[in-house]
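Quick look at target17.pdb (PDB, C-alpha atoms):
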ATOM      1  CA  MET A 171       8.155 -43.372  67.940
ATOM      2  CA  TYR A 172       8.821 -39.689  68.385
ATOM      3  CA  LEU A 173      12.189 -38.221  69.228
ATOM      4  CA  ASN A 174      12.339 -36.302  72.460
ATOM      5  CA  LEU A 175      13.209 -32.651  72.380
ATOM      6  CA  ILE A 176      16.886 -32.419  73.190
ATOM      7  CA  ILE A 177      18.281 -29.066  74.154
ATOM      8  CA  THR A 178      21.898 -28.427  74.937
ATOM      9  CA  ILE A 179      22.948 -24.869  75.539
ATOM     10  CA  LEU A 180      26.448 -23.918  74.537
ATOM     11  CA  ILE A 181      27.691 -20.886  76.394
ATOM     12  CA  THR A 182      30.509 -19.983  74.043
ATOM     13  CA  THR A 183      30.792 -17.516  71.227
ATOM     14  CA  LEU A 184      32.941 -18.246  68.172
ATOM     15  CA  HIS A 185      34.441 -15.667  65.853
ATOM     16  CA  PHE A 186      34.584 -17.157  62.368
ATOM     17  CA  ASN A 187      35.450 -15.225  59.211
ATOM     18  CA  ASN A 188      34.959 -11.966  61.086
ATOM     19  CA  ILE A 189      31.376 -12.959  61.919
ATOM     20  CA  GLN A 190      30.335 -13.598  65.485
ATOM     21  CA  TYR A 191      28.121 -16.636  65.929
ATOM     22  CA  ASN A 192      26.193 -16.800  69.183
ATOM     23  CA  TYR A 193      25.488 -20.435  69.937
ATOM     24  CA  LEU A 194      21.930 -21.225  70.930
ATOM     25  CA  PRO A 195      20.345 -24.616  71.663
ATOM     26  CA  ILE A 196      21.085 -27.761  69.659
ATOM     27  CA  ILE A 197      17.635 -29.101  68.852
ATOM     28  CA  ASN A 198      16.094 -32.351  67.691
ATOM     29  CA  VAL A 199      12.400 -31.858  67.020
ATOM     30  CA  SER A 200       9.637 -34.424  66.634
ATOM     31  CA  LYS A 201       6.128 -34.114  65.211
ATOM     32  CA  GLN A 202       4.817 -33.786  68.772
ATOM     33  CA  ASP A 203       6.810 -30.594  69.185
ATOM     34  CA  THR A 204       5.401 -28.795  66.132
ATOM     35  CA  LEU A 205       2.617 -26.927  67.931
ATOM     36  CA  ASN A 206       3.145 -23.162  67.833
ATOM     37  CA  LYS A 207       6.025 -23.465  65.334
ATOM     38  CA  ASN A 208       6.320 -21.053  62.427
ATOM     39  CA  PHE A 209       9.001 -22.769  60.319
ATOM     40  CA  GLU A 210       9.421 -26.315  59.042
ATOM     41  CA  ILE A 211      12.143 -27.605  56.779
ATOM     42  CA  LYS A 212      12.293 -30.982  55.091
ATOM     43  CA  ILE A 213      15.690 -31.961  53.702
ATOM     44  CA  ILE A 214      15.827 -34.722  51.107
ATOM     45  CA  HIS A 215      18.875 -36.558  49.731
ATOM     46  CA  TYR A 216      18.874 -37.432  46.029
ATOM     47  CA  HIS A 217      20.858 -40.548  45.063
ATOM     48  CA  PRO A 218      21.359 -40.769  41.287
ATOM     49  CA  TYR A 219      21.251 -44.083  39.508
ATOM     50  CA  CYS A 220      24.732 -44.596  38.075
ATOM     51  CA  GLY A 221      24.605 -48.069  36.581
ATOM     52  CA  GLY A 222      24.739 -48.944  32.903
ATOM     53  CA  ALA A 223      21.622 -51.100  32.750
ATOM     54  CA  ALA A 224      18.144 -49.689  33.263
ATOM     55  CA  PRO A 225      17.344 -49.281  36.969
ATOM     56  CA  THR A 226      14.951 -51.634  38.697
ATOM     57  CA  PRO A 227      11.717 -50.255  40.210
ATOM     58  CA  GLU A 228      13.293 -50.712  43.661
ATOM     59  CA  GLN A 229      16.334 -48.650  42.652
ATOM     60  CA  LEU A 230      14.109 -45.888  41.292
ATOM     61  CA  LYS A 231      12.013 -45.936  44.473
ATOM     62  CA  ASN A 232      15.076 -45.353  46.652
ATOM     63  CA  ARG A 233      16.499 -42.373  44.747
ATOM     64  CA  TYR A 234      15.148 -39.951  47.355
ATOM     65  CA  SER A 235      15.571 -40.424  51.082
ATOM     66  CA  PRO A 236      15.360 -38.204  54.163
ATOM     67  CA  GLU A 237      18.634 -36.400  54.914
ATOM     68  CA  ILE A 238      19.218 -37.263  58.556
ATOM     69  CA  ASN A 239      22.121 -35.028  59.444
ATOM     70  CA  ASP A 240      23.365 -31.983  61.333
ATOM     71  CA  PHE A 241      22.750 -28.451  60.105
ATOM     72  CA  VAL A 242      23.136 -24.843  61.205
ATOM     73  CA  LEU A 243      20.420 -22.195  61.134
ATOM     74  CA  ILE A 244      21.793 -18.636  61.266
ATOM     75  CA  ASN A 245      19.800 -15.454  61.775
ATOM     76  CA  THR A 246      21.690 -13.126  59.429
ATOM     77  CA  ASN A 247      20.382 -10.036  61.277
ATOM     78  CA  THR A 248      21.745 -11.044  64.709
ATOM     79  CA  ASN A 249      24.189 -13.892  63.840
ATOM     80  CA  ASP A 250      22.391 -16.061  66.411
ATOM     81  CA  THR A 251      23.080 -19.658  65.448
ATOM     82  CA  ILE A 252      21.117 -22.839  66.122
ATOM     83  CA  TYR A 253      22.733 -26.220  65.518
ATOM     84  CA  PHE A 254      20.051 -28.799  64.773
ATOM     85  CA  SER A 255      19.542 -32.340  63.524
ATOM     86  CA  THR A 256      16.740 -33.477  61.271
ATOM     87  CA  ASN A 257      14.528 -36.321  62.436
ATOM     88  CA  ASN A 258      14.152 -39.710  60.728
ATOM     89  CA  ARG A 259      11.937 -38.067  58.084
ATOM     90  CA  GLY A 260      14.468 -35.316  57.340
ATOM     91  CA  ILE A 261      12.318 -32.694  59.102
ATOM     92  CA  ALA A 262      13.014 -30.031  61.710
ATOM     93  CA  THR A 263      10.603 -27.385  63.019
ATOM     94  CA  PHE A 264      11.204 -24.141  64.870
ATOM     95  CA  ASN A 265       9.507 -21.146  66.393
ATOM     96  CA  LEU A 266      11.681 -18.337  65.031
ATOM     97  CA  TYR A 267      11.746 -14.614  65.662
ATOM     98  CA  PRO A 268      11.206 -12.368  62.634
ATOM     99  CA  GLY A 269      14.367 -12.018  60.586
ATOM    100  CA  GLN A 270      16.422 -13.229  57.645
ATOM    101  CA  TYR A 271      17.831 -16.762  57.987
ATOM    102  CA  ILE A 272      20.159 -19.147  56.188
ATOM    103  CA  ILE A 273      20.679 -22.881  56.654
ATOM    104  CA  LYS A 274      24.058 -24.524  56.048
ATOM    105  CA  GLU A 275      25.446 -28.001  56.484
ATOM    106  CA  LYS A 276      27.255 -28.218  59.827
ATOM    107  CA  TYR A 277      30.466 -29.497  58.230
ATOM    108  CA  LYS A 278      30.954 -26.076  56.571
ATOM    109  CA  ILE A 279      31.258 -24.234  59.897
ATOM    110  CA  ILE A 280      35.048 -24.455  59.992
ATOM    111  CA  PRO A 281      37.752 -22.141  58.618
ATOM    112  CA  PHE A 282      38.157 -22.430  54.838
ATOM    113  CA  LYS A 283      41.730 -23.741  55.047
ATOM    114  CA  ASP A 284      40.494 -26.662  57.201
ATOM    115  CA  PHE A 285      37.537 -27.282  54.877
ATOM    116  CA  TYR A 286      39.796 -27.267  51.825
ATOM    117  CA  LYS A 287      42.313 -29.591  53.467
ATOM    118  CA  LYS A 288      39.557 -32.035  54.444
ATOM    119  CA  TYR A 289      37.522 -32.082  51.195
ATOM    120  CA  PHE A 290      40.013 -31.316  48.414
ATOM    121  CA  VAL A 291      40.559 -34.260  46.062
ATOM    122  CA  LYS A 292      43.395 -34.229  43.549
ATOM    123  CA  SER A 293      42.628 -34.879  39.907
ATOM    124  CA  ASP A 294      43.261 -38.387  38.651
ATOM    125  CA  ASN A 295      42.233 -40.599  35.720
ATOM    126  CA  PHE A 296      38.594 -40.638  36.864
ATOM    127  CA  ALA A 297      37.916 -37.214  38.381
ATOM    128  CA  GLU A 298      39.095 -33.711  37.660
ATOM    129  CA  SER A 299      39.304 -31.155  40.472
ATOM    130  CA  GLN A 300      37.699 -27.809  39.630
ATOM    131  CA  GLY A 301      40.167 -25.775  41.713
ATOM    132  CA  ILE A 302      40.310 -23.771  44.925
ATOM    133  CA  GLN A 303      37.697 -21.196  43.835
ATOM    134  CA  CYS A 304      35.142 -23.978  43.404
ATOM    135  CA  TYR A 305      35.893 -25.245  46.908
ATOM    136  CA  LYS A 306      35.554 -21.711  48.310
ATOM    137  CA  LYS A 307      32.172 -21.302  46.585
ATOM    138  CA  TRP A 308      31.017 -24.701  47.943
ATOM    139  CA  TRP A 309      32.168 -23.792  51.465
ATOM    140  CA  GLN A 310      30.326 -20.445  51.323
ATOM    141  CA  SER A 311      27.110 -21.869  49.864
ATOM    142  CA  ASN A 312      23.881 -22.206  51.847
ATOM    143  CA  LEU A 313      21.193 -24.850  51.531
ATOM    144  CA  THR A 314      18.536 -22.157  51.602
ATOM    145  CA  LYS A 315      17.702 -18.682  52.790
ATOM    146  CA  PHE A 316      14.336 -17.383  53.932
ATOM    147  CA  GLU A 317      12.572 -14.696  55.903
ATOM    148  CA  ILE A 318      10.248 -14.945  58.886
ATOM    149  CA  THR A 319       7.972 -11.941  59.418
ATOM    150  CA  ARG A 320       5.605 -11.065  62.259
ATOM    151  CA  ASP A 321       2.783 -12.323  60.021
ATOM    152  CA  THR A 322       4.360 -15.709  59.216
ATOM    153  CA  ARG A 323       2.010 -18.454  60.423
ATOM    154  CA  LEU A 324       3.883 -21.486  59.079
ATOM    155  CA  LEU A 325       6.585 -21.407  56.419
ATOM    156  CA  LYS A 326       7.351 -24.867  55.010
ATOM    157  CA  LEU A 327      10.412 -25.409  52.842
ATOM    158  CA  GLU A 328      11.756 -28.525  51.163
ATOM    159  CA  VAL A 329      15.402 -28.664  50.122
ATOM    160  CA  THR A 330      17.083 -31.425  48.122
ATOM    161  CA  ILE A 331      20.759 -32.252  48.530
ATOM    162  CA  SER A 332      21.950 -33.952  45.372
ATOM    163  CA  GLU A 333      25.003 -36.019  44.714
ATOM    164  CA  SER A 334      26.565 -36.863  41.380
ATOM    165  CA  CYS A 335      27.554 -40.210  39.989
ATOM    166  CA  PHE A 336      31.052 -41.257  41.068
ATOM    167  CA  THR A 337      31.870 -37.971  42.849
ATOM    168  CA  GLY A 338      29.221 -37.939  45.596
ATOM    169  CA  LYS A 339      28.322 -34.629  47.232
ATOM    170  CA  ASN A 340      31.562 -32.918  46.162
ATOM    171  CA  PRO A 341      30.526 -30.405  43.464
ATOM    172  CA  CYS A 342      34.176 -29.572  42.779
ATOM    173  CA  LEU A 343      34.944 -32.913  41.169
ATOM    174  CA  LYS A 344      34.036 -33.610  37.578
ATOM    175  CA  PHE A 345      33.861 -37.279  36.638
ATOM    176  CA  ILE A 346      35.985 -37.953  33.539
ATOM    177  CA  GLY A 347      36.323 -41.716  33.829
ATOM    178  CA  PRO A 348      34.756 -44.291  31.566
ATOM    179  CA  PRO A 349      30.955 -44.598  31.547
ATOM    180  CA  PRO A 350      29.476 -47.572  33.405
ATOM    181  CA  PRO A 351      29.055 -50.776  31.396
TER     182      PRO A 351
END
Entire entry expressed as structure tokens:
Amino acid sequence: MYLNLIITILITTLHFNNIQYNYLPIINVSKQDTLNKNFEIKIIHYHPYCGGAAPTPEQLKNRYSPEINDFVLINTNTNDTIYFSTNNRGIATFNLYPGQYIIKEKYKIIPFKDFYKKYFVKSDNFAESQGIQCYKKWWQSNLTKFEITRDTRLLKLEVTISESCFTGKNPCLKFIGPPPP
């Protein structure tokens, strides 16, 4: 079953880190809506196997899954911003104007002090925090960047979001605990 195209227009403008983001439609896109689109992104989530024994074929099969989540597409030339969700296959498609673009996870579109407060984890016997600079780098990072030109027919990108054993998606934690049995 295909998702319906959902468009919600936000009429506000947010000033964040001295950059103005103009909010455009929030979009969920299905395969039916891909006609006349010039950009498609597929976002995959990698789940590492963290057990001590050899993984079963079923565990190996499920290491990659669609990342069904909320993201932000930003035209870096105009700062126009589109909030979007991937479909049940981790895919979103767009018809974009020529320009330079970045895609970020939606949870990073908050002031750094709020991001740091929410995601900082203190070091303990099992994980070692890599410090505030690591968190700043994580907060500033993009999933991908790309360019759409007047000649772009269809640009397809695939991005993988990886997590680490015992620390999840937080790249600023280093696991120092005992290895699994």
Determine the residue membership of the PyMOL selection byres ((chain A and resi 275) around 10) for the file above and supply it as a count of residues only.
17
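Once the PyMOL selection byres ((chain A and resi 346) around 8) is applied to the shown structure, the selection contains A:Asn295, A:Phe296, A:Ala297, A:Glu298, A:Lys344, A:Phe345, A:Gly347, A:Pro348.
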Selection near Tyr305 (chain A), 10 Å with only C-alpha atoms, sequence-local residues under 6 positions removed, as a JSON list (two decimals) with C-alpha atoms, in the frame of the given file:
[["chain", "number", "residue", "atom", "x", "y", "z"],
["A", 282, "PHE", "CA", 38.16, -22.43, 54.84],
["A", 285, "PHE", "CA", 37.54, -27.28, 54.88],
["A", 286, "TYR", "CA", 39.80, -27.27, 51.82],
["A", 289, "TYR", "CA", 37.52, -32.08, 51.20],
["A", 290, "PHE", "CA", 40.01, -31.32, 48.41],
["A", 299, "SER", "CA", 39.30, -31.16, 40.47],
["A", 311, "SER", "CA", 27.11, -21.87, 49.86],
["A", 340, "ASN", "CA", 31.56, -32.92, 46.16],
["A", 341, "PRO", "CA", 30.53, -30.40, 43.46],
["A", 342, "CYS", "CA", 34.18, -29.57, 42.78],
["A", 343, "LEU", "CA", 34.94, -32.91, 41.17]]
A:Ile214, A:Leu266, A:Ile238, A:Ile302 ranked by distance to Leu325 (chain A), top pick (using all atoms listed in the file):
A:Leu266
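The interatomic distance for the pair CA of Thr256 (chain A) and CA of Pro236 (chain A) works out to 8.6 Å.
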Env of region 219-222 of chain A: 8 Å cut, atoms = all atoms listed in the file, seq-sep filter 5 positions within chain, self excluded. Answer as a VMD selection string.
chain A and resid 229 to 230 233 335 to 336 349 to 351
Those residues you just picked out, can you put them in a file as a CSV table (one decimal), in the coordinates of the input with C-alpha atoms?
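Once written, selection20.csv looks like this:
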chain,number,residue,atom,x,y,z
A,229,GLN,CA,16.3,-48.6,42.7
A,230,LEU,CA,14.1,-45.9,41.3
A,233,ARG,CA,16.5,-42.4,44.7
A,335,CYS,CA,27.6,-40.2,40.0
A,336,PHE,CA,31.1,-41.3,41.1
A,349,PRO,CA,31.0,-44.6,31.5
A,350,PRO,CA,29.5,-47.6,33.4
A,351,PRO,CA,29.1,-50.8,31.4
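Here CA of Ala223 (chain A) is placed at a distance of 27.5 Å from CA of Ser293 (chain A).
Relative to CA of Lys207 (chain A), CA of Thr248 (chain A) is found at 20.0 Å.
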Kindly provide, as JSON, the centre and edge lengths (Å, one decimal) of an axis-aligned box around all atoms of region 210-217 of chain A given in the file, with 6 Å on each side.
{"center_x": 15.1, "center_y": -33.4, "center_z": 52.1, "size_x": 23.4, "size_y": 26.2, "size_z": 26.0}
